[in-house]
>>> print(open('input_17.pdb').read())   # PDB, C-alpha atoms
ATOM      1  CA  MET J 199     -16.597 -22.896  25.264
ATOM      2  CA  LYS J 200     -13.343 -22.355  27.122
ATOM      3  CA  ASP J 201     -11.371 -24.147  24.412
ATOM      4  CA  LYS J 202     -12.945 -21.894  21.781
ATOM      5  CA  ALA J 203     -12.061 -18.782  23.785
ATOM      6  CA  ASN J 204      -8.480 -20.016  24.143
ATOM      7  CA  ALA J 205      -8.287 -20.677  20.408
ATOM      8  CA  VAL J 206      -9.517 -17.155  19.642
ATOM      9  CA  SER J 207      -6.929 -15.711  22.051
ATOM     10  CA  VAL J 208      -4.158 -17.666  20.332
ATOM     11  CA  GLY J 209      -5.394 -16.472  16.941
ATOM     12  CA  VAL J 210      -5.345 -12.847  18.115
ATOM     13  CA  LEU J 211      -1.818 -13.253  19.497
ATOM     14  CA  ILE J 212      -0.588 -14.783  16.251
ATOM     15  CA  GLN J 213      -2.151 -11.980  14.217
ATOM     16  CA  ARG J 214      -0.864  -9.237  16.510
ATOM     17  CA  PHE J 215       2.708 -10.342  17.182
ATOM     18  CA  SER J 216       3.782 -12.475  14.217
ATOM     19  CA  PRO J 217       4.427  -9.414  11.964
ATOM     20  CA  ILE J 218       6.913  -7.845  14.396
ATOM     21  CA  PHE J 219       8.507 -11.254  15.031
ATOM     22  CA  ILE J 220       9.030 -11.774  11.280
ATOM     23  CA  LEU J 221      10.524  -8.289  10.948
ATOM     24  CA  ILE J 222      12.960  -8.814  13.846
ATOM     25  CA  VAL J 223      14.088 -12.186  12.473
ATOM     26  CA  LEU J 224      14.589 -10.667   9.014
ATOM     27  CA  ILE J 225      16.633  -7.745  10.400
ATOM     28  CA  ILE J 226      18.863 -10.142  12.362
ATOM     29  CA  PHE J 227      19.379 -12.347   9.308
ATOM     30  CA  MET J 228      20.212  -9.434   6.994
ATOM     31  CA  SER J 229      22.594  -7.979   9.600
ATOM     32  CA  LEU J 230      24.482 -11.254   9.767
ATOM     33  CA  ALA J 231      24.462 -11.702   5.989
ATOM     34  CA  ASN J 232      25.917  -8.259   5.191
ATOM     35  CA  ASP J 233      27.918  -5.941   7.458
ATOM     36  CA  ARG J 234      26.665  -2.860   5.563
ATOM     37  CA  PHE J 235      23.040  -3.533   6.451
ATOM     38  CA  PHE J 236      22.963  -2.432  10.089
ATOM     39  CA  GLN J 237      24.073   1.154   9.497
ATOM     40  CA  VAL J 238      22.191   4.396  10.010
ATOM     41  CA  ALA J 239      22.686   5.472   6.400
ATOM     42  CA  ASN J 240      21.222   2.206   5.157
ATOM     43  CA  PHE J 241      18.162   2.456   7.391
ATOM     44  CA  ILE J 242      17.567   6.000   6.129
ATOM     45  CA  ASN J 243      17.769   4.604   2.602
ATOM     46  CA  ILE J 244      15.224   1.910   3.503
ATOM     47  CA  PHE J 245      12.755   4.516   4.769
ATOM     48  CA  ARG J 246      13.228   6.513   1.575
ATOM     49  CA  GLN J 247      12.533   3.391  -0.466
ATOM     50  CA  ILE J 248       9.398   2.377   1.431
ATOM     51  CA  ALA J 249       7.688   5.780   1.527
ATOM     52  CA  ILE J 250       5.883   5.274  -1.789
ATOM     53  CA  LEU J 251       4.873   1.681  -1.057
ATOM     54  CA  GLY J 252       3.771   2.734   2.416
ATOM     55  CA  VAL J 253       1.390   5.426   1.180
ATOM     56  CA  VAL J 254      -0.217   3.016  -1.293
ATOM     57  CA  SER J 255      -0.465   0.306   1.369
ATOM     58  CA  MET J 256      -2.436   2.601   3.679
ATOM     59  CA  GLY J 257      -5.157   2.824   1.043
ATOM     60  CA  MET J 258      -4.928  -0.903   0.287
ATOM     61  CA  THR J 259      -5.411  -1.663   3.998
ATOM     62  CA  LEU J 260      -8.708   0.211   4.114
ATOM     63  CA  VAL J 261      -9.893  -1.552   0.954
ATOM     64  CA  ILE J 262      -8.960  -5.030   2.191
ATOM     65  CA  LEU J 263     -10.583  -4.374   5.569
ATOM     66  CA  THR J 264     -13.914  -3.949   3.741
ATOM     67  CA  GLY J 265     -13.418  -7.397   2.209
ATOM     68  CA  GLY J 266     -12.271  -5.952  -1.128
ATOM     69  CA  ILE J 267      -9.076  -5.746  -3.154
ATOM     70  CA  ASP J 268      -7.585  -3.162  -5.515
ATOM     71  CA  LEU J 269      -5.366  -4.393  -8.331
ATOM     72  CA  SER J 270      -5.262  -0.956  -9.967
ATOM     73  CA  VAL J 271      -3.152   0.952  -7.412
ATOM     74  CA  GLY J 272      -0.023   0.978  -9.611
ATOM     75  CA  PRO J 273      -1.783   2.236 -12.747
ATOM     76  CA  MET J 274      -3.718   4.815 -10.696
ATOM     77  CA  MET J 275      -0.374   6.096  -9.418
ATOM     78  CA  ALA J 276       0.877   6.296 -12.995
ATOM     79  CA  VAL J 277      -2.219   8.073 -14.341
ATOM     80  CA  SER J 278      -2.119  10.658 -11.549
ATOM     81  CA  ALA J 279       1.596  11.342 -12.020
ATOM     82  CA  ALA J 280       1.235  11.433 -15.804
ATOM     83  CA  ILE J 281      -1.524  14.046 -15.568
ATOM     84  CA  MET J 282       0.615  16.120 -13.198
ATOM     85  CA  GLY J 283       3.649  15.873 -15.472
ATOM     86  CA  VAL J 284       1.865  16.459 -18.771
ATOM     87  CA  ALA J 285      -0.221  19.305 -17.315
ATOM     88  CA  ALA J 286       2.918  21.111 -16.162
ATOM     89  CA  THR J 287       5.114  20.447 -19.209
ATOM     90  CA  GLN J 288       2.654  20.385 -22.135
ATOM     91  CA  TRP J 289      -0.600  22.032 -21.088
ATOM     92  CA  GLY J 290       0.964  25.136 -19.568
ATOM     93  CA  ILE J 291      -0.615  24.644 -16.140
ATOM     94  CA  ALA J 292       1.229  25.965 -13.061
ATOM     95  CA  PRO J 293       2.746  23.390 -10.643
ATOM     96  CA  VAL J 294       0.184  23.679  -7.836
ATOM     97  CA  PRO J 295      -2.923  23.315 -10.057
ATOM     98  CA  ALA J 296      -1.160  20.534 -11.984
ATOM     99  CA  VAL J 297      -0.583  18.572  -8.766
ATOM    100  CA  ALA J 298      -4.163  19.233  -7.658
ATOM    101  CA  LEU J 299      -5.405  17.936 -11.012
ATOM    102  CA  GLY J 300      -3.432  14.722 -10.567
ATOM    103  CA  LEU J 301      -4.706  14.233  -7.010
ATOM    104  CA  ALA J 302      -8.256  14.757  -8.214
ATOM    105  CA  ALA J 303      -7.734  12.251 -11.033
ATOM    106  CA  GLY J 304      -6.575   9.548  -8.617
ATOM    107  CA  THR J 305      -9.589  10.184  -6.405
ATOM    108  CA  VAL J 306     -11.994  10.016  -9.362
ATOM    109  CA  LEU J 307     -10.499   6.707 -10.503
ATOM    110  CA  GLY J 308     -11.022   5.377  -6.993
ATOM    111  CA  VAL J 309     -14.650   6.534  -7.044
ATOM    112  CA  ILE J 310     -15.139   4.750 -10.380
ATOM    113  CA  ASN J 311     -13.755   1.542  -8.846
ATOM    114  CA  GLY J 312     -16.147   1.880  -5.928
ATOM    115  CA  MET J 313     -19.151   2.645  -8.153
ATOM    116  CA  VAL J 314     -18.484  -0.314 -10.466
ATOM    117  CA  ILE J 315     -18.116  -2.647  -7.480
ATOM    118  CA  THR J 316     -21.176  -1.445  -5.553
ATOM    119  CA  LYS J 317     -23.658  -0.217  -8.160
ATOM    120  CA  GLY J 318     -22.540  -2.633 -10.887
ATOM    121  CA  GLN J 319     -22.302  -5.476  -8.358
ATOM    122  CA  ILE J 320     -18.982  -6.601  -9.818
ATOM    123  CA  GLN J 321     -16.431  -8.487  -7.745
ATOM    124  CA  PRO J 322     -13.581  -6.154  -6.633
ATOM    125  CA  PHE J 323     -10.982  -8.400  -8.256
ATOM    126  CA  ILE J 324     -12.627  -8.129 -11.687
ATOM    127  CA  ALA J 325     -13.556  -4.445 -11.401
ATOM    128  CA  THR J 326     -10.093  -3.308 -10.373
ATOM    129  CA  LEU J 327      -8.448  -5.641 -12.897
ATOM    130  CA  GLY J 328     -10.391  -3.808 -15.592
ATOM    131  CA  MET J 329      -9.287  -0.466 -14.145
ATOM    132  CA  MET J 330      -5.687  -1.693 -14.045
ATOM    133  CA  VAL J 331      -5.688  -2.443 -17.787
ATOM    134  CA  ALA J 332      -7.624   0.691 -18.765
ATOM    135  CA  ALA J 333      -5.490   3.013 -16.631
ATOM    136  CA  ARG J 334      -2.282   1.640 -18.167
ATOM    137  CA  GLY J 335      -3.717   2.485 -21.558
ATOM    138  CA  VAL J 336      -4.537   6.020 -20.408
ATOM    139  CA  VAL J 337      -0.945   6.491 -19.238
ATOM    140  CA  LEU J 338       0.386   5.422 -22.643
ATOM    141  CA  LEU J 339      -2.035   7.818 -24.362
ATOM    142  CA  LEU J 340      -0.986  10.719 -22.121
ATOM    143  CA  THR J 341       2.745  10.112 -22.413
ATOM    144  CA  GLY J 342       2.933   8.716 -25.940
ATOM    145  CA  GLY J 343       4.816   5.770 -24.481
ATOM    146  CA  LEU J 344       7.745   8.010 -23.492
ATOM    147  CA  ALA J 345       8.912   9.260 -20.112
ATOM    148  CA  VAL J 346       7.679  12.752 -19.255
ATOM    149  CA  ARG J 347      10.699  14.924 -18.455
ATOM    150  CA  GLY J 348      11.396  18.587 -17.756
ATOM    151  CA  ILE J 349       9.008  18.649 -14.815
ATOM    152  CA  PRO J 350       9.234  21.918 -12.819
ATOM    153  CA  GLU J 351      11.506  21.704  -9.768
ATOM    154  CA  PRO J 352       8.793  22.625  -7.206
ATOM    155  CA  MET J 353       6.925  19.446  -8.169
ATOM    156  CA  LEU J 354       9.976  17.270  -7.515
ATOM    157  CA  THR J 355      11.069  18.634  -4.147
ATOM    158  CA  ILE J 356       9.034  16.505  -1.726
ATOM    159  CA  GLY J 357       9.865  13.263  -3.500
ATOM    160  CA  SER J 358      13.592  13.948  -3.764
ATOM    161  CA  ARG J 359      14.789  16.319  -1.015
ATOM    162  CA  PHE J 360      15.788  15.736   2.608
ATOM    163  CA  VAL J 361      15.258  17.489   5.919
ATOM    164  CA  GLY J 362      18.636  16.940   7.512
ATOM    165  CA  ARG J 363      19.206  13.263   6.802
ATOM    166  CA  ILE J 364      15.524  12.338   6.710
ATOM    167  CA  PRO J 365      13.786  12.195   3.301
ATOM    168  CA  GLN J 366      10.762  14.463   3.012
ATOM    169  CA  SER J 367       8.789  11.554   1.559
ATOM    170  CA  ALA J 368       9.133   9.761   4.913
ATOM    171  CA  PHE J 369       7.259  12.623   6.592
ATOM    172  CA  VAL J 370       4.496  12.254   3.998
ATOM    173  CA  LEU J 371       4.252   8.542   4.824
ATOM    174  CA  VAL J 372       3.998   9.287   8.543
ATOM    175  CA  ALA J 373       1.280  11.890   7.916
ATOM    176  CA  VAL J 374      -0.740   9.521   5.714
ATOM    177  CA  ALA J 375      -0.375   6.694   8.239
ATOM    178  CA  VAL J 376      -1.550   8.949  11.090
ATOM    179  CA  VAL J 377      -4.578  10.093   9.074
ATOM    180  CA  ALA J 378      -5.446   6.498   8.159
ATOM    181  CA  TRP J 379      -5.035   5.373  11.794
ATOM    182  CA  ILE J 380      -7.294   8.128  13.101
ATOM    183  CA  LEU J 381      -9.843   7.413  10.387
ATOM    184  CA  LEU J 382      -9.918   3.698  11.200
ATOM    185  CA  ASN J 383      -9.689   3.830  14.995
ATOM    186  CA  LYS J 384     -11.322   7.091  16.081
ATOM    187  CA  THR J 385     -14.287   7.567  13.772
ATOM    188  CA  THR J 386     -17.654   5.944  13.129
ATOM    189  CA  PHE J 387     -16.574   5.584   9.508
ATOM    190  CA  GLY J 388     -13.657   3.390  10.608
ATOM    191  CA  ARG J 389     -15.919   1.215  12.728
ATOM    192  CA  ASN J 390     -18.212   0.830   9.730
ATOM    193  CA  ILE J 391     -15.272  -0.316   7.601
ATOM    194  CA  MET J 392     -14.463  -3.082  10.098
ATOM    195  CA  ALA J 393     -18.115  -4.079  10.394
ATOM    196  CA  ILE J 394     -18.559  -4.327   6.627
ATOM    197  CA  GLY J 395     -15.461  -6.480   6.306
ATOM    198  CA  GLY J 396     -16.724  -8.757   9.067
ATOM    199  CA  ASN J 397     -20.216  -9.186   7.616
ATOM    200  CA  SER J 398     -21.447  -6.959   4.815
ATOM    201  CA  GLU J 399     -25.067  -8.088   4.863
ATOM    202  CA  ALA J 400     -25.382  -7.813   8.648
ATOM    203  CA  SER J 401     -23.917  -4.300   8.404
ATOM    204  CA  ARG J 402     -26.472  -3.342   5.776
ATOM    205  CA  THR J 403     -29.278  -4.718   7.939
ATOM    206  CA  SER J 404     -28.025  -2.721  10.929
ATOM    207  CA  GLY J 405     -28.355   0.517   8.986
ATOM    208  CA  ILE J 406     -24.811   1.054   7.700
ATOM    209  CA  ARG J 407     -24.757   2.526   4.197
ATOM    210  CA  VAL J 408     -22.451  -0.178   2.867
ATOM    211  CA  ASP J 409     -22.225   1.027  -0.736
ATOM    212  CA  ARG J 410     -21.427   4.585   0.332
ATOM    213  CA  VAL J 411     -18.699   3.450   2.718
ATOM    214  CA  LYS J 412     -17.094   1.265   0.056
ATOM    215  CA  ILE J 413     -17.122   4.034  -2.552
ATOM    216  CA  ILE J 414     -15.457   6.427  -0.096
ATOM    217  CA  VAL J 415     -12.859   3.798   0.820
ATOM    218  CA  TYR J 416     -11.921   3.224  -2.822
ATOM    219  CA  ALA J 417     -11.828   7.002  -3.352
ATOM    220  CA  ILE J 418      -9.412   7.357  -0.420
ATOM    221  CA  CYS J 419      -7.287   4.577  -1.882
ATOM    222  CA  GLY J 420      -7.190   6.415  -5.224
ATOM    223  CA  PHE J 421      -6.236   9.660  -3.482
ATOM    224  CA  PHE J 422      -3.392   7.933  -1.607
ATOM    225  CA  CYS J 423      -2.231   6.419  -4.907
ATOM    226  CA  ALA J 424      -2.108   9.905  -6.408
ATOM    227  CA  ILE J 425       0.055  11.083  -3.488
ATOM    228  CA  ALA J 426       2.343   8.092  -4.062
ATOM    229  CA  GLY J 427       2.542   8.934  -7.769
ATOM    230  CA  PHE J 428       3.555  12.486  -6.875
ATOM    231  CA  LEU J 429       6.347  11.156  -4.635
ATOM    232  CA  TYR J 430       7.467   8.681  -7.290
ATOM    233  CA  MET J 431       7.681  11.448  -9.887
ATOM    234  CA  GLY J 432       9.909  13.473  -7.583
ATOM    235  CA  ARG J 433      12.127  10.528  -6.759
ATOM    236  CA  VAL J 434      12.904   9.581 -10.388
ATOM    237  CA  ASN J 435      12.659  13.155 -11.778
ATOM    238  CA  SER J 436      10.263  12.013 -14.504
ATOM    239  CA  VAL J 437       7.086  10.046 -15.206
ATOM    240  CA  PRO J 438       7.975   6.667 -16.761
ATOM    241  CA  PRO J 439       5.107   5.184 -18.803
ATOM    242  CA  LEU J 440       5.408   1.892 -16.899
ATOM    243  CA  MET J 441       5.601   3.570 -13.495
ATOM    244  CA  ALA J 442       4.788   1.404 -10.455
ATOM    245  CA  SER J 443       4.465  -1.894 -12.308
ATOM    246  CA  GLY J 444       3.825  -4.616  -9.742
ATOM    247  CA  MET J 445       3.036  -2.116  -6.970
ATOM    248  CA  GLU J 446      -0.292  -3.811  -6.284
ATOM    249  CA  LEU J 447       1.388  -7.117  -5.413
ATOM    250  CA  GLN J 448       3.842  -5.468  -3.039
ATOM    251  CA  ALA J 449       1.046  -3.489  -1.360
ATOM    252  CA  ILE J 450      -1.118  -6.576  -0.878
ATOM    253  CA  THR J 451       1.883  -8.468   0.520
ATOM    254  CA  ALA J 452       2.719  -5.638   2.923
ATOM    255  CA  VAL J 453      -0.872  -5.492   4.185
ATOM    256  CA  ALA J 454      -1.028  -9.260   4.673
ATOM    257  CA  LEU J 455       2.398  -9.351   6.336
ATOM    258  CA  GLY J 456       1.075  -6.755   8.760
ATOM    259  CA  GLY J 457      -1.582  -9.171   9.977
ATOM    260  CA  THR J 458      -4.611  -7.825   8.130
ATOM    261  CA  SER J 459      -6.949 -10.647   7.124
ATOM    262  CA  LEU J 460      -7.305 -10.832   3.349
ATOM    263  CA  SER J 461     -10.982 -11.697   3.828
ATOM    264  CA  GLY J 462     -11.559  -8.369   5.618
ATOM    265  CA  GLY J 463     -12.803  -7.175   8.972
ATOM    266  CA  ASN J 464      -9.615  -7.701  10.942
ATOM    267  CA  GLY J 465      -6.361  -5.744  10.796
ATOM    268  CA  SER J 466      -4.620  -2.495  11.630
ATOM    269  CA  ILE J 467      -2.720   0.428  10.164
ATOM    270  CA  MET J 468       0.244  -0.147  12.493
ATOM    271  CA  GLY J 469       0.421  -3.730  11.290
ATOM    272  CA  THR J 470       0.632  -2.496   7.722
ATOM    273  CA  VAL J 471       3.445  -0.108   8.690
ATOM    274  CA  ILE J 472       5.371  -3.110  10.020
ATOM    275  CA  GLY J 473       4.555  -5.050   6.839
ATOM    276  CA  VAL J 474       5.838  -2.207   4.656
ATOM    277  CA  ILE J 475       9.066  -1.994   6.654
ATOM    278  CA  THR J 476       9.450  -5.772   6.292
ATOM    279  CA  ILE J 477       9.182  -5.516   2.501
ATOM    280  CA  GLY J 478      11.700  -2.651   2.529
ATOM    281  CA  VAL J 479      14.160  -4.576   4.688
ATOM    282  CA  LEU J 480      13.828  -7.644   2.461
ATOM    283  CA  ASN J 481      14.369  -5.726  -0.799
ATOM    284  CA  ASN J 482      17.254  -3.717   0.653
ATOM    285  CA  GLY J 483      18.953  -6.781   2.113
ATOM    286  CA  LEU J 484      18.642  -8.725  -1.137
ATOM    287  CA  ASN J 485      20.147  -5.785  -3.047
ATOM    288  CA  LEU J 486      23.096  -5.651  -0.649
ATOM    289  CA  MET J 487      23.553  -9.392  -1.144
ATOM    290  CA  ASN J 488      23.603  -8.800  -4.924
ATOM    291  CA  VAL J 489      20.550 -10.976  -5.519
ATOM    292  CA  SER J 490      19.287 -10.397  -9.060
ATOM    293  CA  ALA J 491      15.987  -8.627  -9.727
ATOM    294  CA  ALA J 492      14.611 -11.847 -11.236
ATOM    295  CA  TRP J 493      15.262 -13.810  -8.034
ATOM    296  CA  GLN J 494      13.806 -10.971  -5.989
ATOM    297  CA  GLN J 495      10.573 -11.369  -7.962
ATOM    298  CA  VAL J 496      10.639 -15.111  -7.294
ATOM    299  CA  ILE J 497      11.135 -14.510  -3.559
ATOM    300  CA  LEU J 498       8.314 -11.937  -3.477
ATOM    301  CA  GLY J 499       6.003 -14.380  -5.240
ATOM    302  CA  ILE J 500       6.832 -17.124  -2.752
ATOM    303  CA  MET J 501       6.269 -14.696   0.121
ATOM    304  CA  ILE J 502       2.828 -13.750  -1.229
ATOM    305  CA  THR J 503       1.866 -17.423  -1.439
ATOM    306  CA  ILE J 504       3.095 -18.170   2.086
ATOM    307  CA  VAL J 505       1.285 -15.149   3.536
ATOM    308  CA  VAL J 506      -2.011 -16.178   1.908
ATOM    309  CA  ILE J 507      -1.638 -19.773   3.125
ATOM    310  CA  LEU J 508      -0.853 -18.645   6.680
ATOM    311  CA  ASP J 509      -3.777 -16.214   6.683
ATOM    312  CA  SER J 510      -6.124 -18.947   5.495
ATOM    313  CA  TRP J 511      -4.762 -21.395   8.090
ATOM    314  CA  ARG J 512      -5.098 -18.901  10.925
ATOM    315  CA  LYS J 513      -8.673 -18.098   9.927
ATOM    316  CA  ARG J 514      -9.702 -21.782   9.739
ATOM    317  CA  LYS J 515      -7.908 -22.718  12.943
ATOM    318  CA  PHE J 516      -8.713 -19.835  15.277
ATOM    319  CA  ASP J 517     -11.611 -17.749  13.940
TER     320      ASP J 517
END
>>> encode(input="input_17.pdb", output="structure tokens")
Amino acid sequence: MKDKANAVSVGVLIQRFSPIFILIVLIIFMSLANDRFFQVANFINIFRQIAILGVVSMGMTLVILTGGIDLSVGPMMAVSAAIMGVAATQWGIAPVPAVALGLAAGTVLGVINGMVITKGQIQPFIATLGMMVAARGVVLLLTGGLAVRGIPEPMLTIGSRFVGRIPQSAFVLVAVAVVAWILLNKTTFGRNIMAIGGNSEASRTSGIRVDRVKIIVYAICGFFCAIAGFLYMGRVNSVPPLMASGMELQAITAVALGGTSLSGGNGSIMGTVIGVITIGVLNNGLNLMNVSAAWQQVILGIMITIVVILDSWRKRKFD
């Protein structure tokens, strides 16, 4: 009994402190590899780069904590941004309603994911894979396969402007992270999320409305994706038809790097923040070292594999 308790304690320590340890080691390595890395201007650039990924990863964290997955976060970003851009430039809708329409679209797509998974009893991987393909098609239909340009300036401000030296998008990330943390740690809804991820059937037996919680979680994820799409649009001053390709893999990696179990029921928002920063530091450092985009993809793929293996090992060994 004592040995089991010790094993659990070790598992908790590994999950809690390994993300920050990995981040510190990576920062030290990148600082030694390039003298431009450890500069204030570069760290500000990193936070500007991770804001979009961070917002998406907050939603992905909630989904994974329920024992699910969402492969459609990138396309949902693109659909939301495309609706905002097309509404403002082609449909004659004012900026504020256009943004609201895009935010609503992301939320609705999230609800559809949740409904298909719960009411259709489809595995999250398959359901969100279908949404990923369908949403990409919707983006191409909305944009005609061309980047949407000429977007009104008020819609670009938050994604592109700074307050002093701090990008406005970083403040959005902080706000989203705080909301997600409060939701997960200070509400009954958050406790239900953790319970469902730990044991869905036991949660249902105890009176938790499992399907309802999951639908809301996927809706929140869709809403966060829409916010990220809005920021992305401002950052690049357009809506590219292939916006946010591969975003789902980076978000999953960031969540796993932050110590959240990919099988659900165990993790934290602060861990995901650390995971997102780790991804940002890695990408930034590789760019400064002039590592090609192709090799960066290879490194990201290897990192995903290692994270999954370590998560599986930790769960078998200590849970």
>>> closest_residue(input="input_17.pdb", among="J:Met274, J:Leu498, J:Met313, J:Ile394", to="Val408 (chain J)", atoms="only C-alpha atoms")
J:Ile394
>>> residues_around(input="input_17.pdb", residues="region 324-329 of chain J", least_positions_apart="5", cutoff="7 Å", atoms="all atoms listed in the file", output="list of chain:residue names")
J:Asp268, J:Leu269, J:Ser270, J:Asn311, J:Val314, J:Ile315
>>> residues_around(input="input_17.pdb", residues="region 473-482 of chain J", least_positions_apart="2", cutoff="9 Å", atoms="only C-alpha atoms", output="number ranges by chain")
J: 217-218, 220-222, 224-225, 228, 235, 240-241, 243-245, 247-249, 251-252, 255, 448-449, 451-457, 468-471, 484-487, 494, 498
>>> atom_distance(input="input_17.pdb", atom1="CA of Ile349 (chain J)", atom2="CA of Ala276 (chain J)")
14.9 Å
>>> residues_around(input="input_17.pdb", residues="region 292-308 of chain J", least_positions_apart="5", cutoff="6 Å", atoms="only C-alpha atoms", output="ChimeraX atom specification")
/J:274,278,281-282,285-286,416-417,420-421,424
>>> resolve_selection(input="input_17.pdb", expression="the PyMOL selection byres ((chain J and resi 444) around 10)", output="PyMOL selection string")
chain J and resi 269-273+440-443+445-449+495
>>> closest_residue(input="input_17.pdb", among="J:Val361, J:Met353, J:Met330, J:Ile450", to="Ile242 (chain J)", atoms="all atoms listed in the file")
J:Val361
